[in-house]
Every structure is written in C-alpha cells, then in structure tokens.
Amino acid sequence: MDENEVEKLIAAAQEARLRAYCPYSGFAVGAALLGEDGEIYQGCNVENAAYPATNCAERTALFTAVAAGCRRFRAIAVVGGPQGQDAQEICPPCGLCRQTLAEFCEPKEFYVVLCSAQERLVLTLDELLPVRFGAEGLPQ
C-alpha cells in the first residue's frame, strides 16, 4: 500500500465519520474500505436505541461493498472519537468487525490503518486478529 492510498483512505474515513448516527454514545466512527477493484467503500456507525441492533462503521463499509459486488479487500482506515471533535485516540475495530473482515480478506495481506489527530498506526489484520475462526473450523 502506498502513501497516496493511505491518505485517500484516511480522508474517506474522516468524511464518512461526519455522517455517523450516534445519538446515544456520541462516539462517531468512520471507515473507508479499499476493495481489490480499487474502489473505496465508506461506512459510519449507525446506533439504535436497542444497542445490539447498532452497526459499526467497519461492517457498514464492508456490507456496502459486498452489496455492490466487491468480495475481496486490500485495506481499511478507521477514525473515531467524540462526535464534533477531532479524533484524539486511535480507534481499533472491535472483535466482531475484525472477524467479519477476516471472512473477506487475506489477513496477512490486509492492512488496517488506525489514525487520530496525532498518531497513525498501520497493521495487518493478522496482527490485530492472530487467531480467528474460519470456514476450516466448520464441520464438512
């Protein structure tokens, strides 16, 4: 992944964060997912008064991409923090998002870009989720 791609992903995640629907937590998250097709798919968190119905930004981006026909991905950028403020801390994907991303990418080759106003961290999904459940764990 080159620096230009990283910058585009971060900008798209920051843009998506502005559209977050987070009236309960006040914590806005934006994600931008880079498909193998070169397209960037954005997502934001969408909360619900029934908290289990809430959807994370990362999965929103992924589901948008899958609905558009993309099934393989290269990277995701995630930006999150209190709504209306610059992100002061990095915001890593939750376990459910990590597992869901692992369904559609090669974890050793998929990059996760986490950034705040002061920090940028680039990891592989394998580094974030070294032991994951996959199709090989299902009965045949």
# chains A, B, ... in the order shown; residues from 1 in each chain; ligands from 1

$ residues_around --residues "Ala49 (chain A)" --least-positions-apart "3" --cutoff "9 Å" --atoms "only C-alpha atoms" --output "list in words"
Pro23, Tyr24, Pro52, Ala53 and Thr54 of chain A

$ residues_around --residues "region 59-65 of chain A" --least-positions-apart "3" --cutoff "8 Å" --atoms "only C-alpha atoms" --output "JSON, numbers by chain"
{"A": [31, 32, 33, 35, 41, 42, 43, 44, 45, 55, 56, 68, 69, 70, 71, 97, 100, 101]}

$ closest_residue --among "A:Gln85, A:Gln14, A:Ser25, A:Gln118" --to "Tyr51 (chain A)" --atoms "only C-alpha atoms"
A:Ser25

$ closest_residue --among "A:Glu47, A:Glu58, A:Glu106, A:Glu3" --to "Gly30 (chain A)" --atoms "only C-alpha atoms"
A:Glu58

$ atom_distance --atom1 "CA of Ala102 (chain A)" --atom2 "CA of Cys115 (chain A)"
20.5 Å

$ atom_distance --atom1 "CA of Phe73 (chain A)" --atom2 "CA of Ile40 (chain A)"
9.7 Å

$ residues_around --residues "Gln83 (chain A)" --least-positions-apart "4" --cutoff "8 Å" --atoms "only C-alpha atoms" --output "list in words"
Cys22, Gly26, Phe27 and Ala28 of chain A

$ select_by_dssp --residues "chain A" --states "helix (DSSP H, G or I)" --output "NGL selection string"
:A and (3-17 or 51-53 or 57-67 or 95-102 or 125-128 or 135-137)
